[in-house]
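*Asks:* Have a peek at my_file_36.cif (mmCIF, C-alpha atoms; chains and numbers go by the auth columns).
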```
data_model
loop_
_atom_site.group_PDB
_atom_site.id
_atom_site.type_symbol
_atom_site.label_atom_id
_atom_site.label_comp_id
_atom_site.label_asym_id
_atom_site.label_seq_id
_atom_site.Cartn_x
_atom_site.Cartn_y
_atom_site.Cartn_z
_atom_site.B_iso_or_equiv
_atom_site.auth_seq_id
_atom_site.auth_asym_id
ATOM 1 C CA MET A 1 -10.994 23.473 -7.202 0.00 201 A
ATOM 2 C CA ALA A 2 -12.860 21.878 -4.287 0.00 202 A
ATOM 3 C CA TRP A 3 -13.670 18.167 -4.403 0.00 203 A
ATOM 4 C CA SER A 4 -17.024 16.823 -5.545 0.00 204 A
ATOM 5 C CA GLY A 5 -18.161 13.264 -6.087 0.00 205 A
ATOM 6 C CA VAL A 6 -21.243 11.342 -7.148 0.00 206 A
ATOM 7 C CA TRP A 7 -22.430 8.244 -5.279 0.00 207 A
ATOM 8 C CA ARG A 8 -22.978 5.428 -7.796 0.00 208 A
ATOM 9 C CA GLY A 9 -23.952 2.621 -5.432 0.00 209 A
ATOM 10 C CA ASP A 10 -27.260 0.802 -5.564 0.00 210 A
ATOM 11 C CA GLU A 11 -28.118 1.492 -1.927 0.00 211 A
ATOM 12 C CA PRO A 12 -27.977 4.763 0.054 0.00 212 A
ATOM 13 C CA VAL A 13 -24.762 5.313 2.023 0.00 213 A
ATOM 14 C CA ARG A 14 -23.926 7.472 5.032 0.00 214 A
ATOM 15 C CA LEU A 15 -22.388 10.766 3.990 0.00 215 A
ATOM 16 C CA ASN A 16 -19.276 10.449 6.174 0.00 216 A
ATOM 17 C CA LYS A 17 -18.694 6.880 4.931 0.00 217 A
ATOM 18 C CA PHE A 18 -18.937 7.961 1.283 0.00 218 A
ATOM 19 C CA MET A 19 -16.431 10.767 1.839 0.00 219 A
ATOM 20 C CA ALA A 20 -13.992 8.399 3.545 0.00 220 A
ATOM 21 C CA GLN A 21 -14.369 5.722 0.842 0.00 221 A
ATOM 22 C CA SER A 22 -13.695 8.363 -1.804 0.00 222 A
ATOM 23 C CA GLY A 23 -10.310 9.072 -0.206 0.00 223 A
ATOM 24 C CA VAL A 24 -11.202 12.658 0.635 0.00 224 A
ATOM 25 C CA CYS A 25 -10.659 12.368 4.371 0.00 225 A
ATOM 26 C CA SER A 26 -11.215 10.102 7.351 0.00 226 A
ATOM 27 C CA ARG A 27 -14.706 9.617 8.802 0.00 227 A
ATOM 28 C CA ARG A 28 -13.714 11.733 11.798 0.00 228 A
ATOM 29 C CA GLU A 29 -12.535 14.542 9.515 0.00 229 A
ATOM 30 C CA ALA A 30 -15.759 14.222 7.517 0.00 230 A
ATOM 31 C CA ASP A 31 -17.813 14.624 10.684 0.00 231 A
ATOM 32 C CA GLY A 32 -15.926 17.817 11.507 0.00 232 A
ATOM 33 C CA LEU A 33 -16.375 19.282 8.026 0.00 233 A
ATOM 34 C CA ILE A 34 -20.080 18.469 8.033 0.00 234 A
ATOM 35 C CA ALA A 35 -20.555 20.015 11.494 0.00 235 A
ATOM 36 C CA SER A 36 -18.816 23.165 10.201 0.00 236 A
ATOM 37 C CA GLY A 37 -21.278 23.478 7.321 0.00 237 A
ATOM 38 C CA LEU A 38 -18.624 22.853 4.659 0.00 238 A
ATOM 39 C CA VAL A 39 -20.306 19.917 2.891 0.00 239 A
ATOM 40 C CA THR A 40 -23.274 19.982 0.527 0.00 240 A
ATOM 41 C CA VAL A 41 -25.474 17.294 -1.019 0.00 241 A
ATOM 42 C CA GLU A 42 -27.112 18.407 -4.252 0.00 242 A
ATOM 43 C CA GLY A 43 -26.095 21.975 -3.429 0.00 243 A
ATOM 44 C CA VAL A 44 -27.735 21.991 0.007 0.00 244 A
ATOM 45 C CA VAL A 45 -25.565 22.333 3.130 0.00 245 A
ATOM 46 C CA VAL A 46 -25.799 19.252 5.346 0.00 246 A
ATOM 47 C CA ALA A 47 -25.398 19.331 9.146 0.00 247 A
ATOM 48 C CA ASP A 48 -25.969 15.643 9.925 0.00 248 A
ATOM 49 C CA ALA A 49 -22.981 13.306 9.435 0.00 249 A
ATOM 50 C CA GLY A 50 -25.376 10.361 9.360 0.00 250 A
ATOM 51 C CA ARG A 51 -27.295 11.738 6.402 0.00 251 A
ATOM 52 C CA LYS A 52 -27.762 9.117 3.682 0.00 252 A
ATOM 53 C CA VAL A 53 -26.636 9.903 0.133 0.00 253 A
ATOM 54 C CA GLU A 54 -28.813 8.446 -2.616 0.00 254 A
ATOM 55 C CA SER A 55 -27.459 6.970 -5.838 0.00 255 A
ATOM 56 C CA GLY A 56 -26.734 9.728 -8.360 0.00 256 A
ATOM 57 C CA GLN A 57 -26.504 12.513 -5.777 0.00 257 A
ATOM 58 C CA THR A 58 -23.502 14.848 -5.793 0.00 258 A
ATOM 59 C CA VAL A 59 -21.505 15.615 -2.650 0.00 259 A
ATOM 60 C CA ALA A 60 -19.236 18.662 -2.671 0.00 260 A
ATOM 61 C CA LEU A 61 -16.778 20.397 -0.350 0.00 261 A
ATOM 62 C CA ALA A 62 -16.499 24.133 0.114 0.00 262 A
ATOM 63 C CA ASP A 63 -13.160 25.647 -0.879 0.00 263 A
ATOM 64 C CA ALA A 64 -12.306 26.244 2.784 0.00 264 A
ATOM 65 C CA ALA A 65 -12.699 22.521 3.528 0.00 265 A
ATOM 66 C CA GLN A 66 -10.479 21.498 0.641 0.00 266 A
ATOM 67 C CA ALA A 67 -7.747 23.912 1.695 0.00 267 A
ATOM 68 C CA ALA A 68 -7.811 22.564 5.250 0.00 268 A
ATOM 69 C CA LEU A 69 -7.567 18.937 4.118 0.00 269 A
ATOM 70 C CA ASP A 70 -4.916 19.228 1.432 0.00 270 A
ATOM 71 C CA GLY A 71 -2.124 20.314 3.734 0.00 271 A
ATOM 72 C CA VAL A 72 1.249 20.744 2.026 0.00 272 A
ATOM 73 C CA SER A 73 2.634 18.258 -0.500 0.00 273 A
ATOM 74 C CA VAL A 74 5.784 18.832 -2.525 0.00 274 A
ATOM 75 C CA LEU A 75 7.820 16.862 -5.040 0.00 275 A
ATOM 76 C CA LEU A 76 11.600 17.042 -4.816 0.00 276 A
ATOM 77 C CA ASN A 77 14.243 15.649 -7.140 0.00 277 A
ATOM 78 C CA LYS A 78 16.520 14.573 -4.307 0.00 278 A
ATOM 79 C CA PRO A 79 20.264 14.396 -4.948 0.00 279 A
ATOM 80 C CA THR A 80 22.445 11.842 -3.188 0.00 280 A
ATOM 81 C CA GLY A 81 23.876 12.919 0.146 0.00 281 A
ATOM 82 C CA TYR A 82 20.542 13.960 1.682 0.00 282 A
ATOM 83 C CA VAL A 83 18.342 11.883 3.983 0.00 283 A
ATOM 84 C CA SER A 84 14.576 11.745 3.525 0.00 284 A
ATOM 85 C CA GLY A 85 13.359 12.183 7.080 0.00 285 A
ATOM 86 C CA GLN A 86 14.546 13.360 10.478 0.00 286 A
ATOM 87 C CA PRO A 87 18.337 13.215 10.256 0.00 287 A
ATOM 88 C CA GLU A 88 20.841 11.740 12.639 0.00 288 A
ATOM 89 C CA PRO A 89 23.646 14.060 13.768 0.00 289 A
ATOM 90 C CA GLY A 90 25.813 15.053 10.834 0.00 290 A
ATOM 91 C CA LYS A 91 23.183 14.184 8.196 0.00 291 A
ATOM 92 C CA ILE A 92 21.413 16.733 5.974 0.00 292 A
ATOM 93 C CA PRO A 93 17.598 16.515 5.606 0.00 293 A
ATOM 94 C CA ALA A 94 16.190 16.737 2.084 0.00 294 A
ATOM 95 C CA ALA A 95 13.664 19.329 3.315 0.00 295 A
ATOM 96 C CA ARG A 96 16.539 21.811 3.555 0.00 296 A
ATOM 97 C CA LEU A 97 16.421 22.023 -0.240 0.00 297 A
ATOM 98 C CA LEU A 98 12.892 23.516 -0.158 0.00 298 A
ATOM 99 C CA SER A 99 13.980 27.113 -0.699 0.00 299 A
ATOM 100 C CA ALA A 100 12.564 29.812 -2.964 0.00 300 A
ATOM 101 C CA ASP A 101 15.555 29.782 -5.304 0.00 301 A
ATOM 102 C CA ARG A 102 15.104 26.050 -5.958 0.00 302 A
ATOM 103 C CA GLN A 103 11.340 26.159 -6.492 0.00 303 A
ATOM 104 C CA VAL A 104 9.681 25.466 -9.841 0.00 304 A
ATOM 105 C CA GLY A 105 6.224 26.971 -10.321 0.00 305 A
ATOM 106 C CA LEU A 106 3.998 28.774 -7.853 0.00 306 A
ATOM 107 C CA GLY A 107 2.976 28.229 -4.235 0.00 307 A
ATOM 108 C CA ALA A 108 4.183 29.173 -0.791 0.00 308 A
ATOM 109 C CA VAL A 109 7.630 28.040 0.317 0.00 309 A
ATOM 110 C CA PRO A 110 7.339 25.819 3.422 0.00 310 A
ATOM 111 C CA ALA A 111 8.684 27.415 6.586 0.00 311 A
ATOM 112 C CA SER A 112 12.133 26.214 7.593 0.00 312 A
ATOM 113 C CA ASP A 113 10.748 24.774 10.831 0.00 313 A
ATOM 114 C CA GLN A 114 7.736 23.074 9.231 0.00 314 A
ATOM 115 C CA SER A 115 7.670 19.290 9.526 0.00 315 A
ATOM 116 C CA LEU A 116 7.221 17.644 6.108 0.00 316 A
ATOM 117 C CA PRO A 117 7.444 13.864 6.507 0.00 317 A
ATOM 118 C CA PRO A 118 8.580 11.775 3.532 0.00 318 A
ATOM 119 C CA VAL A 119 5.879 9.669 1.896 0.00 319 A
ATOM 120 C CA GLY A 120 8.024 6.716 0.881 0.00 320 A
ATOM 121 C CA ARG A 121 11.648 7.144 1.895 0.00 321 A
ATOM 122 C CA LEU A 122 14.626 7.376 -0.434 0.00 322 A
ATOM 123 C CA ASP A 123 17.938 6.522 1.206 0.00 323 A
ATOM 124 C CA GLU A 124 20.918 8.842 1.405 0.00 324 A
ATOM 125 C CA ASP A 125 22.795 7.114 -1.420 0.00 325 A
ATOM 126 C CA SER A 126 19.786 7.214 -3.778 0.00 326 A
ATOM 127 C CA ARG A 127 18.361 10.059 -5.808 0.00 327 A
ATOM 128 C CA GLY A 128 15.209 11.038 -7.655 0.00 328 A
ATOM 129 C CA LEU A 129 11.548 11.569 -6.891 0.00 329 A
ATOM 130 C CA LEU A 130 10.781 12.208 -3.221 0.00 330 A
ATOM 131 C CA LEU A 131 7.299 13.159 -2.010 0.00 331 A
ATOM 132 C CA LEU A 132 7.074 15.167 1.233 0.00 332 A
ATOM 133 C CA SER A 133 3.624 15.841 2.673 0.00 333 A
ATOM 134 C CA THR A 134 1.534 16.795 5.700 0.00 334 A
ATOM 135 C CA ASP A 135 -1.562 15.466 3.884 0.00 335 A
ATOM 136 C CA GLY A 136 -2.733 12.285 5.595 0.00 336 A
ATOM 137 C CA VAL A 137 -4.872 11.267 2.632 0.00 337 A
ATOM 138 C CA VAL A 138 -1.878 11.450 0.297 0.00 338 A
ATOM 139 C CA ALA A 139 0.259 9.466 2.748 0.00 339 A
ATOM 140 C CA LYS A 140 -2.404 6.770 3.070 0.00 340 A
ATOM 141 C CA ALA A 141 -2.769 6.599 -0.719 0.00 341 A
ATOM 142 C CA VAL A 142 0.957 6.062 -1.276 0.00 342 A
ATOM 143 C CA ILE A 143 2.147 4.029 1.719 0.00 343 A
ATOM 144 C CA GLY A 144 -1.055 2.812 3.383 0.00 344 A
ATOM 145 C CA PRO A 145 -1.402 -0.964 3.940 0.00 345 A
ATOM 146 C CA LEU A 146 -4.033 -1.308 1.204 0.00 346 A
ATOM 147 C CA SER A 147 -2.309 0.916 -1.358 0.00 347 A
ATOM 148 C CA GLU A 148 -1.832 -0.485 -4.864 0.00 348 A
ATOM 149 C CA ILE A 149 0.539 2.274 -5.949 0.00 349 A
ATOM 150 C CA ASP A 150 3.804 1.137 -7.520 0.00 350 A
ATOM 151 C CA LYS A 151 7.129 2.934 -7.755 0.00 351 A
ATOM 152 C CA GLU A 152 9.621 2.863 -10.626 0.00 352 A
ATOM 153 C CA TYR A 153 13.402 2.999 -10.357 0.00 353 A
ATOM 154 C CA ARG A 154 16.307 3.229 -12.815 0.00 354 A
ATOM 155 C CA VAL A 155 19.277 1.295 -11.474 0.00 355 A
ATOM 156 C CA ARG A 156 22.869 0.827 -12.626 0.00 356 A
ATOM 157 C CA VAL A 157 24.710 -2.237 -11.366 0.00 357 A
ATOM 158 C CA ARG A 158 28.102 -3.914 -11.549 0.00 358 A
ATOM 159 C CA GLY A 159 28.237 -7.617 -12.180 0.00 359 A
ATOM 160 C CA GLU A 160 26.958 -10.036 -14.805 0.00 360 A
ATOM 161 C CA VAL A 161 23.235 -9.691 -15.486 0.00 361 A
ATOM 162 C CA THR A 162 21.748 -12.948 -16.795 0.00 362 A
ATOM 163 C CA PRO A 163 18.157 -14.051 -17.525 0.00 363 A
ATOM 164 C CA ALA A 164 18.316 -16.305 -14.467 0.00 364 A
ATOM 165 C CA ILE A 165 19.269 -13.378 -12.244 0.00 365 A
ATOM 166 C CA ILE A 166 16.448 -11.257 -13.659 0.00 366 A
ATOM 167 C CA GLU A 167 14.005 -14.077 -12.938 0.00 367 A
ATOM 168 C CA ARG A 168 15.219 -14.354 -9.332 0.00 368 A
ATOM 169 C CA LEU A 169 14.878 -10.610 -8.859 0.00 369 A
ATOM 170 C CA ARG A 170 11.328 -10.746 -10.164 0.00 370 A
ATOM 171 C CA HIS A 171 10.210 -13.478 -7.827 0.00 371 A
ATOM 172 C CA GLY A 172 11.777 -15.842 -5.340 0.00 372 A
ATOM 173 C CA LEU A 173 13.815 -13.626 -3.001 0.00 373 A
ATOM 174 C CA GLU A 174 13.184 -12.878 0.647 0.00 374 A
ATOM 175 C CA LEU A 175 14.448 -10.245 3.072 0.00 375 A
ATOM 176 C CA ASP A 176 14.411 -10.457 6.855 0.00 376 A
ATOM 177 C CA GLY A 177 12.787 -13.883 6.670 0.00 377 A
ATOM 178 C CA ARG A 178 9.803 -12.689 4.606 0.00 378 A
ATOM 179 C CA ALA A 179 9.214 -13.337 0.920 0.00 379 A
ATOM 180 C CA LEU A 180 9.170 -10.283 -1.303 0.00 380 A
ATOM 181 C CA LYS A 181 6.188 -9.450 -3.459 0.00 381 A
ATOM 182 C CA PRO A 182 6.629 -10.111 -7.207 0.00 382 A
ATOM 183 C CA ALA A 183 8.550 -7.252 -8.805 0.00 383 A
ATOM 184 C CA GLY A 184 8.854 -5.917 -12.312 0.00 384 A
ATOM 185 C CA VAL A 185 12.558 -6.105 -13.213 0.00 385 A
ATOM 186 C CA PHE A 186 13.844 -5.470 -16.720 0.00 386 A
ATOM 187 C CA ASP A 187 17.322 -5.589 -18.258 0.00 387 A
ATOM 188 C CA ASN A 188 17.975 -2.481 -20.357 0.00 388 A
ATOM 189 C CA GLY A 189 21.528 -3.540 -21.196 0.00 389 A
ATOM 190 C CA LYS A 190 24.992 -2.371 -20.130 0.00 390 A
ATOM 191 C CA GLY A 191 24.255 -2.845 -16.443 0.00 391 A
ATOM 192 C CA ARG A 192 21.079 -0.765 -16.547 0.00 392 A
ATOM 193 C CA LEU A 193 17.967 -2.219 -14.892 0.00 393 A
ATOM 194 C CA LYS A 194 14.426 -0.989 -14.351 0.00 394 A
ATOM 195 C CA PHE A 195 12.586 -1.986 -11.167 0.00 395 A
ATOM 196 C CA ILE A 196 8.851 -1.594 -10.512 0.00 396 A
ATOM 197 C CA LEU A 197 7.942 -2.339 -6.897 0.00 397 A
ATOM 198 C CA LYS A 198 4.791 -2.343 -4.824 0.00 398 A
ATOM 199 C CA GLU A 199 6.534 -2.415 -1.465 0.00 399 A
ATOM 200 C CA GLY A 200 9.300 -0.433 0.155 0.00 400 A
ATOM 201 C CA ARG A 201 11.460 -2.490 2.481 0.00 401 A
ATOM 202 C CA ASN A 202 14.540 -0.796 3.887 0.00 402 A
ATOM 203 C CA ARG A 203 17.125 -0.412 1.072 0.00 403 A
ATOM 204 C CA GLN A 204 15.174 -3.084 -0.779 0.00 404 A
ATOM 205 C CA ILE A 205 16.650 -2.828 -4.262 0.00 405 A
ATOM 206 C CA ARG A 206 20.243 -2.693 -3.023 0.00 406 A
ATOM 207 C CA ARG A 207 19.672 -5.735 -0.818 0.00 407 A
ATOM 208 C CA MET A 208 17.892 -7.624 -3.624 0.00 408 A
ATOM 209 C CA CYS A 209 20.851 -7.021 -5.909 0.00 409 A
ATOM 210 C CA ASP A 210 23.296 -8.112 -3.199 0.00 410 A
ATOM 211 C CA LEU A 211 21.452 -11.437 -2.950 0.00 411 A
ATOM 212 C CA VAL A 212 22.092 -12.192 -6.643 0.00 412 A
ATOM 213 C CA GLY A 213 25.690 -10.956 -6.754 0.00 413 A
ATOM 214 C CA LEU A 214 25.099 -7.503 -8.228 0.00 414 A
ATOM 215 C CA ARG A 215 26.319 -4.207 -6.770 0.00 415 A
ATOM 216 C CA VAL A 216 24.209 -1.063 -7.173 0.00 416 A
ATOM 217 C CA VAL A 217 26.248 1.955 -8.243 0.00 417 A
ATOM 218 C CA ASP A 218 23.353 4.328 -8.982 0.00 418 A
ATOM 219 C CA LEU A 219 19.669 4.256 -8.010 0.00 419 A
ATOM 220 C CA GLN A 220 17.104 6.811 -9.141 0.00 420 A
ATOM 221 C CA ARG A 221 13.365 6.794 -8.428 0.00 421 A
ATOM 222 C CA THR A 222 11.513 8.150 -11.446 0.00 422 A
ATOM 223 C CA ARG A 223 7.839 7.530 -10.656 0.00 423 A
ATOM 224 C CA ILE A 224 5.399 7.133 -7.752 0.00 424 A
ATOM 225 C CA GLY A 225 2.154 5.763 -9.182 0.00 425 A
ATOM 226 C CA PRO A 226 0.907 8.306 -11.735 0.00 426 A
ATOM 227 C CA ILE A 227 3.410 10.975 -10.603 0.00 427 A
ATOM 228 C CA LYS A 228 6.550 11.140 -12.755 0.00 428 A
ATOM 229 C CA LEU A 229 9.832 12.910 -12.093 0.00 429 A
ATOM 230 C CA GLY A 230 9.722 14.271 -15.631 0.00 430 A
ATOM 231 C CA ASP A 231 12.073 17.151 -16.366 0.00 431 A
ATOM 232 C CA LEU A 232 12.315 18.410 -12.786 0.00 432 A
ATOM 233 C CA GLU A 233 16.019 19.134 -12.360 0.00 433 A
ATOM 234 C CA GLU A 234 18.053 17.579 -9.560 0.00 434 A
ATOM 235 C CA GLY A 235 17.803 19.643 -6.386 0.00 435 A
ATOM 236 C CA ARG A 236 14.631 21.394 -7.560 0.00 436 A
ATOM 237 C CA TRP A 237 11.131 21.050 -6.096 0.00 437 A
ATOM 238 C CA ARG A 238 7.518 21.979 -6.803 0.00 438 A
ATOM 239 C CA HIS A 239 4.092 21.689 -5.216 0.00 439 A
ATOM 240 C CA LEU A 240 1.887 18.677 -5.946 0.00 440 A
ATOM 241 C CA THR A 241 -1.081 19.821 -8.045 0.00 441 A
ATOM 242 C CA ALA A 242 -4.719 19.156 -7.125 0.00 442 A
ATOM 243 C CA GLU A 243 -5.006 16.929 -10.202 0.00 443 A
ATOM 244 C CA GLU A 244 -1.959 14.906 -9.147 0.00 444 A
ATOM 245 C CA ARG A 245 -3.383 14.513 -5.638 0.00 445 A
ATOM 246 C CA GLN A 246 -6.636 13.115 -6.998 0.00 446 A
ATOM 247 C CA ALA A 247 -4.699 10.818 -9.354 0.00 447 A
ATOM 248 C CA LEU A 248 -2.731 9.398 -6.416 0.00 448 A
ATOM 249 C CA ILE A 249 -5.921 8.769 -4.462 0.00 449 A
ATOM 250 C CA ALA A 250 -7.517 7.022 -7.431 0.00 450 A
ATOM 251 C CA ALA A 251 -4.398 4.938 -8.094 0.00 451 A
ATOM 252 C CA SER A 252 -4.206 3.761 -4.490 0.00 452 A
ATOM 253 C CA THR A 253 -7.247 1.520 -4.999 0.00 453 A
ATOM 254 C CA ALA A 254 -6.524 0.368 -8.537 0.00 454 A
ATOM 255 C CA GLN A 255 -3.299 -1.084 -9.892 0.00 455 A
ATOM 256 C CA SER A 256 -1.531 1.829 -11.579 0.00 456 A
ATOM 257 C CA GLY A 257 1.040 -0.353 -13.283 0.00 457 A
ATOM 258 C CA HIS A 258 1.125 -3.957 -14.395 0.00 458 A
ATOM 259 C CA LEU A 259 4.795 -4.672 -13.731 0.00 459 A
ATOM 260 C CA ASP A 260 5.432 -4.518 -17.447 0.00 460 A
ATOM 261 C CA GLY A 261 8.299 -2.964 -19.312 0.00 461 A
ATOM 262 C CA ASP A 262 6.425 -0.315 -21.275 0.00 462 A
#
```
Rewrite the coordinates I just gave you, this time as structure tokens.
*Replies:*
Amino acid sequence: MAWSGVWRGDEPVRLNKFMAQSGVCSRREADGLIASGLVTVEGVVVADAGRKVESGQTVALADAAQAALDGVSVLLNKPTGYVSGQPEPGKIPAARLLSADRQVGLGAVPASDQSLPPVGRLDEDSRGLLLLSTDGVVAKAVIGPLSEIDKEYRVRVRGEVTPAIIERLRHGLELDGRALKPAGVFDNGKGRLKFILKEGRNRQIRRMCDLVGLRVVDLQRTRIGPIKLGDLEEGRWRHLTAEERQALIAASTAQSGHLDGD
């Protein structure tokens, strides 16, 4: 279903600005869609990108506009041994797993030569939820500088886990000379930890654990904002739904988790 939104502000706003603020597209993309006659205000096609939208008015995209913007976004339950992005010689890209026999649900299978960048990398030794997408709006929502989306990980470690170590992992560590943001870290017993992070430094969790004398033996990402790995089997993939896309966009501007243990 094509996107529609209602402007709730007190003052009129430019149409292209409203579309960009809603996370639908960039202002430049909005200008192009409007010029192509693919945007309506109160059911009337608009040709002027500078048109003001009044409070309570509904803006909608034609189906053709939505299809052009959405691009391709897939969720993969990545096994260990695969790299997220463009591989170095001898490495296997996770995108190679996007075959028809591994697909769950409907939707076209991406071409073997199609570039699907990772939206939030997952290193070769880690497994779990990996989002691959050509959709710039989705990428901005998940890894943009203003994103509030958190990610959840299940981690198994070797070493003694104490309350003091948990407290240090939550706050007080730094990597590469920069302090880390506060993290949600919870001890689930028997060397099992849960991490909830709002940043994604290179191999962050493994390096955090190294700093407190713990060794990671298994790391699985189970959630990206409102998107959960669920029962998707390892090595399987599926398309991101339109509802999930909108949920990611909404979560990018509002804290989706509170770093709690629920």
*Asks:* Rounded to one decimal place, report the CA of Ser347 in chain A-CA of Thr453 in chain A distance in Å.
*Replies:*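 So the two atoms, CA of Ser347 in chain A and CA of Thr453 in chain A, lie 6.2 Å apart.
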*Asks:* With all atoms listed in the file counted and 9 Å as the cut-off, give the residues of range 301-351 of chain A in contact with range 215-227 of chain A, each with its shortest interatomic distance in Å and the pair that gives it, as a Markdown table.
*Replies:*
```
| residue | atom | partner | partner_atom | distance |
| --- | --- | --- | --- | --- |
| A:Gly336 | CA | A:Cys225 | CA | 8.0 |
| A:Val337 | CA | A:Cys225 | CA | 6.1 |
| A:Val338 | CA | A:Gly223 | CA | 8.8 |
| A:Lys340 | CA | A:Gly223 | CA | 8.9 |
| A:Ala341 | CA | A:Gly223 | CA | 8.0 |
```
*Asks:* Taking all atoms listed in the file into account, which of A:Ala339, A:Arg423, A:Ile396, A:Ala262 comes nearest Ser204 in chain A?
*Replies:* A:Ala262
*Asks:* At what distance in Å, to one decimal, does CA of Ala379 in chain A lie from CA of Leu397 in chain A?
*Replies:*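 Calculated distance between CA of Leu397 in chain A and CA of Ala379 in chain A is 13.6 Å.
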*Asks:* For each of A:Gly243, A:Pro279, A:Gly237, A:Gly205, take the minimum atom-to-atom distance to Asp325 in chain A, counting all atoms listed in the file, then give the residue where this is smallest.
*Replies:*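 Of A:Gly243, A:Pro279, A:Gly237, A:Gly205, the one nearest Asp325 in chain A is A:Pro279, counting all atoms listed in the file.
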*Asks:* Taking all atoms listed in the file into account, which of A:Arg401, A:Arg302, A:Val206, A:Thr280 comes nearest Leu329 in chain A?
*Replies:*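 Comparing A:Arg401, A:Arg302, A:Val206, A:Thr280 against Leu329 in chain A, the winner is A:Thr280.
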*Asks:* Assuming 8 Å of padding per side, give the centre and edge lengths of the axis-aligned box around every listed atom of range 417-422 of chain A, in Å to one decimal and as JSON.
*Replies:*
```
{"center_x": 18.9, "center_y": 5.1, "center_z": -9.7, "size_x": 30.7, "size_y": 22.2, "size_z": 19.4}
```
*Asks:* Between A:Lys278, A:Arg403, A:Lys291, A:Arg296, single out the one closest to Arg421 in chain A, counting all atoms listed in the file.
*Replies:* A:Lys278
*Asks:* Considering only C-alpha atoms, return as a PyMOL selection string whatever protein or nucleic-acid residues lie within 7 Å of Gln257 in chain A, sequence-local ones (same chain, fewer than 2 positions apart) excluded.
*Replies:* chain A and resi 206-207+241-242+253-255+259
*Asks:* Can you work out which one of A:Leu330, A:Leu414, A:Ile449, A:Val361 has the shortest atom-to-atom distance to Gly344 in chain A, counting all atoms listed in the file?
*Replies:*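 Nearest to Gly344 in chain A: A:Ile449.
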*Asks:* So what does the PyMOL selection byres ((chain A and resi 442-445) around 12) actually pick up in this one, as a ChimeraX atom specification?
*Replies:* /A:201-203,223-224,266-267,269-275,331,333,335-342,424-428,439-441,446-452
*Asks:* Please list as a VMD selection string every residue within 10 Å of Val385 in chain A, counting all atoms listed in the file and excluding residues in the same chain fewer than 4 positions away.
*Replies:* chain A and resid 352 to 353 365 to 371 393 to 397 459 to 461
*Asks:* Which residues would end up in the selection if the PyMOL selection byres ((chain A and resi 282) around 7) were applied here, given that I need the answer as JSON, numbers by chain?
*Replies:* {"A": [279, 280, 281, 283, 284, 292, 293, 294, 324]}
*Asks:* Got a sec to resolve the PyMOL selection byres ((chain A and resi 285) around 10) on this structure and send the residues as a compact mmCIF listing (two decimals) with C-alpha atoms, in the frame of the given file?
*Replies:*
```txt
# COMPACT_ATOMS: atom_id res chain seq x y z
CA TYR A 282 20.54 13.96 1.68
CA VAL A 283 18.34 11.88 3.98
CA SER A 284 14.58 11.74 3.52
CA GLN A 286 14.55 13.36 10.48
CA PRO A 287 18.34 13.22 10.26
CA GLU A 288 20.84 11.74 12.64
CA ILE A 292 21.41 16.73 5.97
CA PRO A 293 17.60 16.52 5.61
CA ALA A 294 16.19 16.74 2.08
CA ALA A 295 13.66 19.33 3.32
CA SER A 315 7.67 19.29 9.53
CA LEU A 316 7.22 17.64 6.11
CA PRO A 317 7.44 13.86 6.51
CA PRO A 318 8.58 11.78 3.53
CA VAL A 319 5.88 9.67 1.90
CA GLY A 320 8.02 6.72 0.88
CA ARG A 321 11.65 7.14 1.90
CA LEU A 322 14.63 7.38 -0.43
CA ASP A 323 17.94 6.52 1.21
CA LEU A 332 7.07 15.17 1.23
```
*Asks:* Mind checking which residues fall within 10 Å of Asp418 in chain A, counting all atoms listed in the file, ignoring those fewer than 3 positions away in the same chain, and posting them as a PDB file with C-alpha atoms, keeping the file's coordinate frame?
*Replies:*
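The resulting selection.pdb:
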```
ATOM      1  CA  THR A 280      22.445  11.842  -3.188  1.00  0.00           C
ATOM      2  CA  ASP A 325      22.795   7.114  -1.420  1.00  0.00           C
ATOM      3  CA  SER A 326      19.786   7.214  -3.778  1.00  0.00           C
ATOM      4  CA  ARG A 327      18.361  10.059  -5.808  1.00  0.00           C
ATOM      5  CA  ARG A 354      16.307   3.229 -12.815  1.00  0.00           C
ATOM      6  CA  VAL A 355      19.277   1.295 -11.474  1.00  0.00           C
ATOM      7  CA  ARG A 356      22.869   0.827 -12.626  1.00  0.00           C
ATOM      8  CA  VAL A 357      24.710  -2.237 -11.366  1.00  0.00           C
ATOM      9  CA  ARG A 358      28.102  -3.914 -11.549  1.00  0.00           C
ATOM     10  CA  ARG A 392      21.079  -0.765 -16.547  1.00  0.00           C
ATOM     11  CA  ARG A 406      20.243  -2.693  -3.023  1.00  0.00           C
ATOM     12  CA  ARG A 415      26.319  -4.207  -6.770  1.00  0.00           C
TER      13      ARG A 415
END
```
*Asks:* Just how far from CA of Asn388 in chain A is CA of Asp410 in chain A, in Å to one decimal?
*Replies:*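 According to the coordinates, CA of Asp410 in chain A and CA of Asn388 in chain A are separated by 18.8 Å.
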*Asks:* Pick from A:Val412, A:Leu429, A:Leu380, A:Leu233: nearest to Pro363 in chain A, with all atoms listed in the file counted?
*Replies:*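 Checking each of A:Val412, A:Leu429, A:Leu380, A:Leu233 against Pro363 in chain A, counting all atoms listed in the file, the winner is A:Val412.
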